[in-house]
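Trainee: Got data15.cif for you, mmCIF, C-alpha atoms and all ligand atoms:
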data_entry
loop_
_atom_site.label_atom_id
_atom_site.label_comp_id
_atom_site.auth_asym_id
_atom_site.auth_seq_id
_atom_site.Cartn_x
_atom_site.Cartn_y
_atom_site.Cartn_z
CA MET A 1 -19.04 -11.50 -4.36
CA SER A 2 -16.11 -9.86 -2.67
CA ALA A 3 -16.01 -9.27 1.05
CA ALA A 4 -16.01 -5.66 2.24
CA THR A 5 -14.77 -6.27 5.77
CA PRO A 6 -12.58 -8.85 7.50
CA GLN A 7 -15.66 -10.06 9.41
CA GLU A 8 -17.53 -10.67 6.14
CA ALA A 9 -14.48 -12.43 4.78
CA LEU A 10 -14.48 -14.81 7.76
CA GLU A 11 -18.19 -15.46 7.25
CA GLN A 12 -17.74 -16.14 3.53
CA ALA A 13 -14.82 -18.46 4.21
CA ALA A 14 -16.96 -20.31 6.77
CA LEU A 15 -19.75 -20.67 4.19
CA ALA A 16 -17.13 -22.23 1.93
CA GLY A 17 -16.31 -24.70 4.74
CA ILE A 18 -13.10 -22.99 5.87
CA HIS A 19 -13.16 -22.16 9.57
CA CYS A 20 -10.57 -20.09 11.36
CA LEU A 21 -9.40 -21.66 14.65
CA PRO A 22 -7.21 -19.17 16.53
CA MET A 23 -4.82 -21.03 18.86
CA PRO A 24 -3.02 -19.52 21.86
CA THR A 25 0.77 -19.19 21.73
CA PRO A 26 3.28 -18.10 24.37
CA PHE A 27 4.87 -15.76 21.80
CA ALA A 28 4.65 -11.98 21.35
CA VAL A 29 2.72 -12.47 18.12
CA GLY A 30 -0.34 -13.67 20.07
CA ARG A 31 -2.71 -16.23 18.59
CA VAL A 32 -1.92 -18.23 15.50
CA ASN A 33 -4.71 -18.99 13.04
CA CYS A 34 -5.24 -22.61 12.08
CA TYR A 35 -7.93 -23.42 9.53
CA LEU A 36 -10.33 -26.33 9.48
CA ILE A 37 -11.58 -27.32 6.03
CA GLU A 38 -14.81 -29.28 6.28
CA ASP A 39 -14.45 -31.35 3.16
CA GLU A 40 -13.32 -34.75 2.06
CA PRO A 41 -10.69 -35.30 3.51
CA LEU A 42 -11.36 -33.40 6.74
CA THR A 43 -8.36 -31.10 6.84
CA LEU A 44 -6.52 -28.96 9.35
CA ILE A 45 -4.10 -26.31 8.15
CA ASP A 46 -1.42 -25.76 10.82
CA THR A 47 -1.79 -26.85 14.44
CA GLY A 48 -0.62 -24.18 16.86
CA PRO A 49 2.34 -24.65 19.22
CA ASN A 50 3.09 -27.75 21.26
CA SER A 51 1.38 -26.84 24.53
CA GLY A 52 -1.39 -28.33 26.66
CA LYS A 53 -3.29 -25.08 26.34
CA ALA A 54 -3.22 -25.12 22.54
CA LEU A 55 -4.15 -28.82 22.50
CA ASP A 56 -7.17 -28.19 24.76
CA GLU A 57 -8.29 -25.31 22.59
CA LEU A 58 -7.82 -27.24 19.39
CA GLN A 59 -9.95 -30.04 20.79
CA SER A 60 -12.66 -27.68 22.06
CA GLN A 61 -12.77 -25.60 18.88
CA LEU A 62 -13.09 -28.78 16.81
CA ASP A 63 -15.80 -29.98 19.24
CA GLU A 64 -17.79 -26.83 18.62
CA ARG A 65 -17.92 -27.80 14.95
CA GLY A 66 -18.85 -31.40 15.73
CA HIS A 67 -15.41 -32.90 15.11
CA SER A 68 -12.55 -34.22 17.15
CA ILE A 69 -8.80 -34.41 16.61
CA ASP A 70 -9.25 -38.15 15.91
CA ASP A 71 -11.43 -37.33 12.87
CA LEU A 72 -8.78 -35.31 11.05
CA GLU A 73 -7.67 -36.97 7.82
CA LEU A 74 -5.17 -34.48 6.45
CA LEU A 75 -2.85 -32.00 8.13
CA ILE A 76 -1.32 -29.31 5.95
CA VAL A 77 1.75 -27.50 7.29
CA THR A 78 2.25 -24.04 5.77
CA HIS A 79 5.83 -23.43 6.92
CA GLN A 80 8.58 -24.39 9.33
CA HIS A 81 7.82 -22.08 12.28
CA ILE A 82 6.97 -23.71 15.62
CA ASP A 83 3.87 -21.63 16.36
CA HIS A 84 2.33 -23.25 13.27
CA LEU A 85 3.38 -26.87 13.61
CA GLY A 86 4.10 -27.67 17.27
CA LEU A 87 1.12 -30.00 17.76
CA ALA A 88 1.69 -31.88 14.50
CA GLU A 89 3.09 -35.02 16.12
CA ILE A 90 0.25 -35.27 18.65
CA VAL A 91 -2.42 -34.58 16.02
CA VAL A 92 -0.98 -37.29 13.78
CA GLN A 93 -0.66 -39.79 16.64
CA ARG A 94 -4.31 -39.29 17.59
CA SER A 95 -5.82 -39.10 14.12
CA GLY A 96 -3.51 -40.98 11.79
CA ALA A 97 -3.90 -37.99 9.45
CA LYS A 98 -1.68 -37.70 6.42
CA VAL A 99 0.66 -34.72 6.42
CA ALA A 100 1.17 -32.48 3.41
CA ALA A 101 3.90 -29.83 3.24
CA LEU A 102 6.36 -28.44 0.75
CA GLY A 103 8.50 -31.35 -0.45
CA ALA A 104 11.70 -29.31 -0.23
CA ALA A 105 11.07 -28.85 3.51
CA THR A 106 10.46 -32.54 4.28
CA GLU A 107 13.89 -33.23 5.75
CA ARG A 108 13.83 -30.04 7.77
CA LEU A 109 10.50 -30.88 9.30
CA ALA A 110 11.47 -34.50 10.04
CA ASN A 111 14.68 -33.51 11.84
CA PHE A 112 13.31 -30.72 13.97
CA ASP A 113 15.85 -30.87 16.82
CA GLU A 114 18.97 -31.14 14.66
CA ASP A 115 17.56 -28.51 12.37
CA ALA A 116 16.87 -26.09 15.22
CA GLU A 117 20.48 -26.53 16.42
CA ALA A 118 21.85 -25.92 12.95
CA GLU A 119 19.59 -22.89 12.55
CA ASP A 120 20.89 -21.45 15.84
CA ARG A 121 24.52 -21.98 14.81
CA PHE A 122 23.80 -20.26 11.51
CA ALA A 123 22.16 -17.32 13.32
CA VAL A 124 25.04 -16.93 15.78
CA GLU A 125 27.60 -16.91 12.98
CA LEU A 126 25.58 -14.34 11.05
CA MET A 127 25.18 -12.13 14.13
CA LEU A 128 28.91 -12.23 14.99
CA ARG A 129 29.84 -11.45 11.40
CA ASN A 130 27.57 -8.43 11.48
CA GLY A 131 29.03 -6.98 14.66
CA ILE A 132 26.64 -8.25 17.33
CA PRO A 133 28.58 -8.79 20.61
CA GLU A 134 29.17 -12.38 21.57
CA GLU A 135 27.34 -12.13 24.91
CA VAL A 136 24.20 -11.03 23.06
CA THR A 137 24.38 -14.07 20.77
CA VAL A 138 24.82 -16.37 23.79
CA ALA A 139 21.74 -14.90 25.47
CA LEU A 140 19.65 -15.19 22.30
CA ARG A 141 20.72 -18.76 21.78
CA SER A 142 19.48 -19.75 25.20
CA VAL A 143 16.15 -18.00 24.53
CA SER A 144 15.87 -19.94 21.29
CA ARG A 145 16.61 -23.23 23.10
CA SER A 146 13.96 -22.48 25.68
CA PHE A 147 11.40 -22.02 22.87
CA ARG A 148 12.18 -25.34 21.26
CA GLY A 149 9.77 -27.33 23.41
CA TRP A 150 6.89 -25.61 21.62
CA GLY A 151 7.98 -27.20 18.36
CA SER A 152 7.82 -30.75 17.10
CA HIS A 153 9.18 -32.86 14.33
CA VAL A 154 6.80 -33.58 11.47
CA GLU A 155 6.79 -36.64 9.21
CA VAL A 156 5.53 -35.44 5.85
CA THR A 157 3.64 -38.21 4.05
CA ASP A 158 2.52 -36.10 1.07
CA PRO A 159 5.38 -33.87 -0.11
CA LEU A 160 4.06 -31.06 -2.31
CA GLU A 161 5.59 -29.66 -5.46
CA ASP A 162 5.28 -25.93 -6.13
CA GLY A 163 2.08 -25.58 -8.19
CA GLN A 164 0.64 -28.96 -7.24
CA VAL A 165 -3.14 -29.15 -6.96
CA LEU A 166 -4.73 -30.89 -3.96
CA SER A 167 -8.15 -32.32 -4.70
CA PHE A 168 -10.93 -32.43 -2.13
CA GLY A 169 -14.54 -33.58 -2.47
CA ASP A 170 -15.76 -30.05 -2.99
CA ARG A 171 -12.71 -27.98 -3.97
CA GLU A 172 -9.22 -27.83 -5.29
CA LEU A 173 -6.36 -26.05 -3.59
CA GLN A 174 -3.18 -25.21 -5.42
CA ALA A 175 -0.02 -25.27 -3.29
CA ILE A 176 2.23 -22.36 -4.24
CA HIS A 177 5.71 -21.77 -2.83
CA ARG A 178 6.05 -18.15 -1.66
CA PRO A 179 9.33 -18.01 0.29
CA GLY A 180 10.58 -14.94 2.13
CA HIS A 181 9.10 -14.89 5.63
CA SER A 182 10.60 -18.38 5.85
CA PRO A 183 12.17 -20.51 3.10
CA SER A 184 9.29 -23.01 3.24
CA ASP A 185 6.29 -20.63 3.10
CA THR A 186 3.55 -22.25 1.06
CA VAL A 187 0.18 -20.67 0.28
CA PHE A 188 -2.97 -22.50 -0.81
CA TRP A 189 -5.12 -21.06 -3.58
CA ASP A 190 -8.77 -21.82 -4.17
CA GLU A 191 -9.09 -20.35 -7.64
CA GLN A 192 -12.79 -21.02 -7.94
CA ARG A 193 -13.70 -19.19 -4.71
CA LYS A 194 -10.85 -16.65 -4.99
CA ILE A 195 -9.69 -17.50 -1.48
CA LEU A 196 -5.98 -17.58 -0.68
CA ILE A 197 -4.85 -19.30 2.51
CA ALA A 198 -1.61 -17.40 3.00
CA ALA A 199 -0.41 -18.17 6.55
CA ASP A 200 2.47 -15.81 7.43
CA HIS A 201 3.22 -14.82 3.84
CA LEU A 202 0.81 -11.93 4.36
CA ILE A 203 -0.43 -10.61 7.71
CA GLY A 204 -2.82 -7.66 7.86
CA HIS A 205 -1.84 -5.90 11.08
CA ILE A 206 1.92 -6.51 11.12
CA SER A 207 4.56 -6.81 8.46
CA SER A 208 5.83 -10.41 8.09
CA ASN A 209 9.47 -10.49 9.15
CA PRO A 210 11.75 -11.72 6.37
CA LEU A 211 13.83 -13.77 8.80
CA ILE A 212 17.13 -14.99 7.43
CA SER A 213 17.19 -18.76 7.56
CA ARG A 214 19.33 -21.53 6.08
CA PRO A 215 18.42 -22.45 2.49
CA LEU A 216 16.22 -25.56 2.18
CA ASP A 217 18.56 -27.14 -0.36
CA GLY A 218 21.32 -27.37 2.24
CA SER A 219 23.61 -24.93 0.40
CA SER A 220 25.68 -22.71 2.66
CA GLU A 221 25.04 -19.44 0.84
CA ARG A 222 23.29 -16.80 2.94
CA PRO A 223 19.86 -16.23 1.36
CA GLN A 224 18.55 -12.74 0.59
CA ALA A 225 15.33 -13.17 2.54
CA LEU A 226 13.83 -9.72 1.93
CA VAL A 227 14.70 -9.74 -1.78
CA THR A 228 12.98 -13.14 -2.02
CA TYR A 229 10.04 -11.94 0.05
CA ILE A 230 9.41 -8.87 -2.11
CA GLU A 231 9.50 -11.07 -5.24
CA SER A 232 6.98 -13.39 -3.60
CA MET A 233 4.70 -10.49 -2.64
CA ARG A 234 4.79 -9.15 -6.21
CA LYS A 235 3.60 -12.54 -7.49
CA THR A 236 0.80 -12.70 -4.91
CA ARG A 237 -0.20 -9.14 -5.84
CA GLU A 238 -1.11 -10.39 -9.34
CA MET A 239 -3.50 -13.02 -8.01
CA PRO A 240 -7.22 -12.19 -8.25
CA ALA A 241 -7.78 -13.09 -4.58
CA GLU A 242 -10.86 -11.68 -2.88
CA ILE A 243 -10.13 -13.08 0.56
CA VAL A 244 -6.68 -13.73 2.00
CA LEU A 245 -6.73 -15.82 5.16
CA SER A 246 -3.72 -15.07 7.28
CA GLY A 247 -1.68 -16.95 9.88
CA HIS A 248 -2.22 -14.20 12.45
CA GLY A 249 -5.00 -11.64 12.87
CA GLU A 250 -7.92 -10.88 10.60
CA PRO A 251 -8.42 -11.81 6.95
CA ILE A 252 -7.18 -9.37 4.31
CA VAL A 253 -9.79 -8.07 1.87
CA ASP A 254 -7.55 -5.85 -0.25
CA HIS A 255 -4.25 -7.63 -0.67
CA VAL A 256 -3.13 -5.38 -3.55
CA ALA A 257 -3.33 -2.23 -1.39
CA LEU A 258 -1.66 -4.05 1.50
CA ILE A 259 1.21 -5.32 -0.65
CA ASP A 260 1.71 -1.89 -2.26
CA ASP A 261 1.86 -0.36 1.20
CA ARG A 262 4.35 -2.97 2.45
CA ILE A 263 6.62 -2.57 -0.58
CA ALA A 264 6.54 1.24 -0.20
CA LYS A 265 7.50 0.88 3.48
CA HIS A 266 10.45 -1.34 2.59
CA GLU A 267 11.48 1.23 -0.02
CA ARG A 268 11.45 4.00 2.62
CA ARG A 269 13.38 1.90 5.11
CA LYS A 270 15.92 1.05 2.44
CA GLU A 271 16.54 4.77 1.80
CA LYS A 272 16.84 5.44 5.53
CA ILE A 273 19.46 2.71 5.80
CA TYR A 274 21.25 4.02 2.72
CA LYS A 275 21.57 7.44 4.40
CA LEU A 276 23.13 5.87 7.49
CA ILE A 277 25.62 3.94 5.35
CA ALA A 278 26.41 6.99 3.20
CA GLU A 279 27.30 8.98 6.38
CA GLN A 280 29.92 6.43 7.33
CA PRO A 281 30.54 2.69 6.87
CA ARG A 282 28.57 0.74 9.47
CA SER A 283 28.04 -2.86 10.50
CA GLY A 284 24.57 -4.38 10.44
CA PHE A 285 24.45 -4.12 14.23
CA GLU A 286 25.43 -0.44 14.20
CA ILE A 287 22.70 0.29 11.67
CA ALA A 288 20.14 -1.62 13.74
CA GLN A 289 21.18 0.30 16.87
CA SER A 290 20.79 3.68 15.22
CA ILE A 291 17.30 2.73 14.05
CA TRP A 292 15.96 0.74 17.00
CA GLY A 293 18.25 1.57 19.93
CA ASN A 294 18.13 -1.13 22.61
CA VAL A 295 15.65 -3.25 20.64
CA ALA A 296 18.62 -4.02 18.38
CA VAL A 297 20.00 -5.90 21.42
CA THR A 298 16.86 -7.56 22.83
CA GLN A 299 15.61 -8.50 19.34
CA ALA A 300 19.05 -8.73 17.78
CA PHE A 301 18.36 -11.39 15.18
CA LEU A 302 15.04 -9.94 14.05
CA THR A 303 16.37 -6.41 13.64
CA LEU A 304 19.57 -7.69 12.00
CA SER A 305 17.46 -9.66 9.49
CA GLU A 306 15.64 -6.40 8.67
CA VAL A 307 18.88 -4.46 8.18
CA ILE A 308 20.59 -7.14 6.10
CA GLY A 309 17.45 -7.54 3.96
CA HIS A 310 17.43 -3.84 3.06
CA ALA A 311 21.21 -3.73 2.64
CA ASP A 312 20.87 -6.65 0.19
CA LEU A 313 18.52 -4.50 -1.91
CA LEU A 314 21.12 -1.69 -1.90
CA VAL A 315 23.96 -4.08 -2.74
CA ASN A 316 21.93 -5.50 -5.64
CA GLU A 317 21.32 -1.95 -6.87
CA GLY A 318 25.07 -1.33 -6.81
CA ARG A 319 24.76 1.51 -4.28
CA VAL A 320 26.35 -0.24 -1.33
CA ARG A 321 29.06 -2.84 -0.91
CA GLU A 322 30.18 -5.13 1.87
CA VAL A 323 33.70 -4.59 3.21
CA GLU A 324 35.46 -7.01 5.53
CA SER A 325 37.13 -5.40 8.51
CA GLY A 326 38.61 -8.01 10.82
CA ASP A 327 35.91 -10.59 11.52
CA VAL A 328 33.10 -8.12 10.94
CA VAL A 329 31.44 -7.01 7.72
CA ARG A 330 30.63 -3.34 7.24
CA TYR A 331 28.47 -1.76 4.59
CA GLU A 332 29.84 1.23 2.74
CA ALA A 333 28.35 3.43 0.03
CA VAL A 334 29.65 3.04 -3.50
CA ARG A 335 30.76 6.50 -4.63
CA VAL A 336 29.76 7.21 -8.19
CA GLN A 337 32.48 8.96 -10.24
CA ASN A 338 31.09 11.86 -12.22
ZN ZN B 401 5.99 -17.80 10.61
#
In structure tokens, how does this file's structure come out?
Ligand SMILES: [Zn+2]

Mentor:
Amino acid sequence: MSAATPQEALEQAALAGIHCLPMPTPFAVGRVNCYLIEDEPLTLIDTGPNSGKALDELQSQLDERGHSIDDLELLIVTHQHIDHLGLAEIVVQRSGAKVAALGAATERLANFDEDAEAEDRFAVELMLRNGIPEEVTVALRSVSRSFRGWGSHVEVTDPLEDGQVLSFGDRELQAIHRPGHSPSDTVFWDEQRKILIAADHLIGHISSNPLISRPLDGSSERPQALVTYIESMRKTREMPAEIVLSGHGEPIVDHVALIDDRIAKHERRKEKIYKLIAEQPRSGFEIAQSIWGNVAVTQAFLTLSEVIGHADLLVNEGRVREVESGDVVRYEAVRVQN
């Protein structure tokens, strides 16, 4: 029976032993949804950020269900973002739980500090190359450093292959790699109950940012995060899911309509960006400024990721090309000869 409302979806998930535990975060996104699966093994999906407040709430929300952190037997990490995994080390220390996450992300997760540094260097280089002033990159880097304390390194004991099935006493969950929002995004599919635990791959009330991040395989090529994300969404669209449990906000009860809407929005934004480029060649930063004004400065990396993602689509379509001018890359329209 399919759920008509997000509230019904939460109730049906709870009847299936999957309980949403919303954890506080210090970030603009608000609470992050962790999920407790009351099964054998007792499983927590994601932990919330590394803060005393989140730890207290995790403990009290587990208490309400008659469990404690010590009882957890398996921790599943959906992706590499700190709001989802910050308490992993503490949870594992207290419980001795095994940790399952995408195998390709194992090294990343184990070397959190080095990885965060490398990620910041990558972001700064990308921003400079796309015309963002150096002082803006310096400011953003210090913001990013100040956030790092909410993260944690994670020792993965059970690395997952794409498509691998995890067996529980009362269910099976298939781990499926759905990169785009981050390179390590993994969703968990209960085919029998038609429930998809999607974390940040799909969020009902906000569009998941296709943030540009270093490839998991260590290659130096800049990934096309939005291109990858749209491919991932198209695959998820074909799944007969009735309930999609998200990493933030309410469950999604009509993922096909949501995905169609998101893809249409990206299509419209792509055309808007094409118009700006067709007027005159522009850097990624100049495009972001004409769309978002000062937000292109305060949220420089986020808005640049958006612009580059859509420009990638245009480049792949052969309508736009990248031109080097000095140290900065500009996008220019490809004129078709008639
Ligand atoms: Zn995320």

Trainee: Please find the residues contacting ligand ZN 401 (chain B) at a distance of at most 7 Å between atoms, with all atoms listed in the file counted, and report them as a ChimeraX atom specification.

Mentor: /A:79,81,181-182,200

Trainee: Between A:Ser60, A:Pro133, A:Arg193, A:Met127, which residue has the minimum interatomic distance to A:Leu15, considering all atoms listed in the file?

Mentor: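 Closest residue, counting all atoms listed in the file: A:Arg193.
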
Trainee: Mind pulling up the distance from atom CA of A:Arg222 to atom CA of A:Thr137?

Mentor: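 Atom CA of A:Thr137 sits 18.1 Å away from atom CA of A:Arg222.
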
Trainee: Tell me, in Å to one decimal, how far atom CA of A:Arg282 is from atom CA of A:Ser232.

Mentor: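 These two atoms are separated by 28.9 Å.
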
Trainee: Find the distance between atom CA of A:Met23 and atom CA of A:Ile203 and write it in Å to one decimal.

Mentor: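 For atom CA of A:Met23 relative to atom CA of A:Ile203, the distance reads 15.9 Å.
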
Trainee: For each of A:Arg335, A:Cys34, A:Leu42, A:Leu160, take the minimum atom-to-atom distance to A:Ser68, counting all atoms listed in the file, then give the residue where this is smallest.

Mentor: A:Leu42

Trainee: Kindly indicate which residue among A:Glu11, A:Glu317, A:Glu155, A:Asp261 lies nearest to A:Gly103, using all atoms listed in the file for the distances.

Mentor: A:Glu155

Trainee: Restricting the calculation to only C-alpha atoms, which member of A:Pro183, A:Gly249, A:Gly131, A:Gly86 is positioned closest to A:Trp150?

Mentor: A:Gly86

Trainee: Which one is closest to A:Ala300: A:Ala123, A:Leu10, A:Ala28, A:Leu72? Count all atoms listed in the file.

Mentor: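 Of the candidates, the smallest distance to A:Ala300 is held by A:Ala123.
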
Trainee: My list of candidates is A:Gly151, A:Gly309, A:Gly66, A:Gly96. Which is closest to A:Asn209 when distances are computed with only C-alpha atoms?

Mentor: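 Comparing A:Gly151, A:Gly309, A:Gly66, A:Gly96 against A:Asn209, the winner is A:Gly309.
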
Trainee: Which stretch 36-140 of chain A residues have any atom within 12 Å of an atom of stretch 241-246 of chain A, and for each, what is the nearest pair of atoms with distance in Å to one decimal, counting only C-alpha atoms, rows sorted by chain and number, as a tab-separated table?

Mentor:
residue	atom	partner	partner_atom	distance
A:Leu36	CA	A:Leu245	CA	11.9
A:Ile45	CA	A:Leu245	CA	11.2
A:Asp46	CA	A:Ser246	CA	11.5
A:Thr78	CA	A:Ser246	CA	10.9
A:His84	CA	A:Ser246	CA	11.8

Trainee: Excluding same-chain residues fewer than 6 positions from A:Val329, what lies within 8 Å of it counting all atoms listed in the file, as a PyMOL selection string?

Mentor: chain A and resi 129-131+283-284+322-323

Trainee: Around stretch 46-63 of chain A, fit a box with edges along x, y and z, padding it by 5 Å on each side, then list its centre and edge lengths in Å to one decimal as JSON.

Mentor:
{"center_x": -6.4, "center_y": -27.1, "center_z": 18.7, "size_x": 28.9, "size_y": 15.9, "size_z": 25.8}

Trainee: Taking all atoms listed in the file into account, produce a table as JSON lines in which each residue of stretch 197-276 of chain A with an atom at most 10 Å from an atom of stretch 287-296 of chain A appears once, together with its shortest atom pair and the distance in Å to one decimal, ordered by chain and rising number.

Mentor:
{"residue": "A:Arg269", "atom": "CA", "partner": "A:Ile291", "partner_atom": "CA", "distance": 9.8}
{"residue": "A:Lys272", "atom": "CA", "partner": "A:Ile291", "partner_atom": "CA", "distance": 9.0}
{"residue": "A:Ile273", "atom": "CA", "partner": "A:Ile287", "partner_atom": "CA", "distance": 7.1}
{"residue": "A:Tyr274", "atom": "CA", "partner": "A:Ile287", "partner_atom": "CA", "distance": 9.8}
{"residue": "A:Leu276", "atom": "CA", "partner": "A:Ile287", "partner_atom": "CA", "distance": 7.0}

Trainee: Fewer than 3 positions away in the same chain doesn't count, so skip those; otherwise give me all residues within 10 Å of A:Arg234, counting only C-alpha atoms, as a list in words.

Mentor: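 Final neighbour list, sorted by chain and number: Tyr229, Ile230, Glu231, Arg237, Glu238, Met239, Val256, Ile259, Asp260 and Ile263 of chain A.
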
Trainee: Just give me the residues with any atom within 12 Å of (15.8, -11.9, 9.0), file coordinates, counting all atoms listed in the file, written as a ChimeraX atom specification.

Mentor: /A:122-123,126-127,180-183,208-214,222-229,284,299-312

Trainee: Give me the residues within 12 Å of A:Arg148 as number ranges by chain, counting all atoms listed in the file and dropping any in the same chain fewer than 6 places off.

Mentor: A: 26, 49-51, 81-83, 85-86, 112-117, 119-120, 141-142
